[in-house]
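Read through the structure below, which is laid out as structure tokens, and then see the notes.
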Amino acid sequence: MVGQPVGLGTQGFRRPAGDHDRHRTGAGRGGAAVDSGCPLCLTVVDRLAELGAGTPLLTHEPPSAWQDLARGLAVVSDAEAWRSVSHLSPPVLMLADGTGRVRRLRLPVRAADVDTTLAEWAGPTAEGDVDGTRAGADSGA
């Protein structure tokens, strides 16, 4: 999972020309894999919408399922990208580099985990690890 392209670099997640910062979270590009039947996923969407980061949402569901839930965030229904994360329990918070490769990954289990992760990813880290892989620290492994 970490180090692999997962939806953040696919066609649906590409940043529009001239839009250099809208989908960024700190030094990387954030994204979330979500399911509309997951209460914590809806919390993730709320937090991301509050940040105004324009973070894309990856789902296996049709975009119409998110019409009243996405709070203005881009919804990408991408079965291939979803298969890359479907073995994980949503929500899945991801931070990717410019190529769409996931460099950091979190599986929050409560709202406080979401808030902590987004705060950590909002700015540069002391280790400057966005270009590196921190699977152990970020995935709980």
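Residues in the structure tokens are named by chain (A, B, ... in the order shown) and by number from 1 within that chain; ligands are numbered from 1 in the order shown.
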**Study point:** Distance query segment 70-79 of chain A at most 8 Å, only C-alpha atoms, self and fewer than 6 positions along chain excluded, as a list in words
**Key:** Gly7, Gly12, Phe13, Val45, Asp46, Ala49, Gly54, Thr55, Pro56, Leu57, Leu58, Thr59, His60, Glu61, Pro62 and Pro63 of chain A
Study note, to complete from the structure: atom CA of Cys38 of chain A to atom CA of Pro90 of chain A measures 7.3 Å
Those of segment 31-119 of chain A in DSSP alpha helix (DSSP H), formatted as a compact mmCIF listing (two decimals) with C-alpha atoms, in the first residue's frame:
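Below you can see out15.txt, which holds the result:
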# COMPACT_ATOMS: atom_id res chain seq x y z
CA PRO A 39 -20.07 6.98 10.34
CA LEU A 40 -16.37 7.75 10.84
CA CYS A 41 -16.02 8.28 7.09
CA LEU A 42 -18.65 10.99 7.33
CA THR A 43 -16.66 12.57 10.16
CA VAL A 44 -13.57 12.51 7.93
CA VAL A 45 -15.53 14.25 5.17
CA ASP A 46 -16.74 16.90 7.64
CA ARG A 47 -13.21 17.58 8.90
CA LEU A 48 -11.75 17.75 5.39
CA ALA A 49 -14.52 20.08 4.21
CA GLU A 50 -13.94 22.33 7.24
CA LEU A 51 -10.26 22.61 6.27
CA ALA A 79 -13.03 0.59 -8.85
CA GLU A 80 -9.36 -0.12 -9.64
CA ALA A 81 -8.04 2.35 -7.07
CA TRP A 82 -10.61 1.15 -4.52
CA ARG A 83 -9.37 -2.44 -4.93
CA SER A 84 -5.97 -1.21 -3.75
CA VAL A 85 -7.44 -0.18 -0.39
CA ALA A 111 -12.65 11.36 15.43
CA ALA A 112 -9.67 12.41 17.56
CA ASP A 113 -7.40 10.26 15.35
CA VAL A 114 -8.69 12.10 12.29
CA ASP A 115 -8.03 15.48 13.89
CA THR A 116 -4.54 14.49 15.01
CA THR A 117 -3.60 13.11 11.60
CA LEU A 118 -4.86 16.12 9.69
CA ALA A 119 -3.05 18.47 12.08
**Study point:** Point-to-point distance from atom CA of Arg104 of chain A to atom CA of Gln67 of chain A, Å rounded to tenths
**Key:**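 Separation of atom CA of Arg104 of chain A and atom CA of Gln67 of chain A: 28.0 Å.
From atom CA of Arg101 of chain A back to atom CA of Ser89 of chain A, the distance works out to 19.6 Å.
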**Study point:** Nearest residue to Arg29 of chain A from the set A:Ala96, A:Pro108, A:Val102, A:Glu120 (distances using only C-alpha atoms)
**Key:**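 Among the listed residues, A:Ala96 lies closest to Arg29 of chain A.
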Check your understanding: With only C-alpha atoms as the basis for distance, which of A:Leu107, A:Ala122, A:Ala65, A:Met94 is at the shortest distance from Gly30 of chain A?
Key -> A:Met94
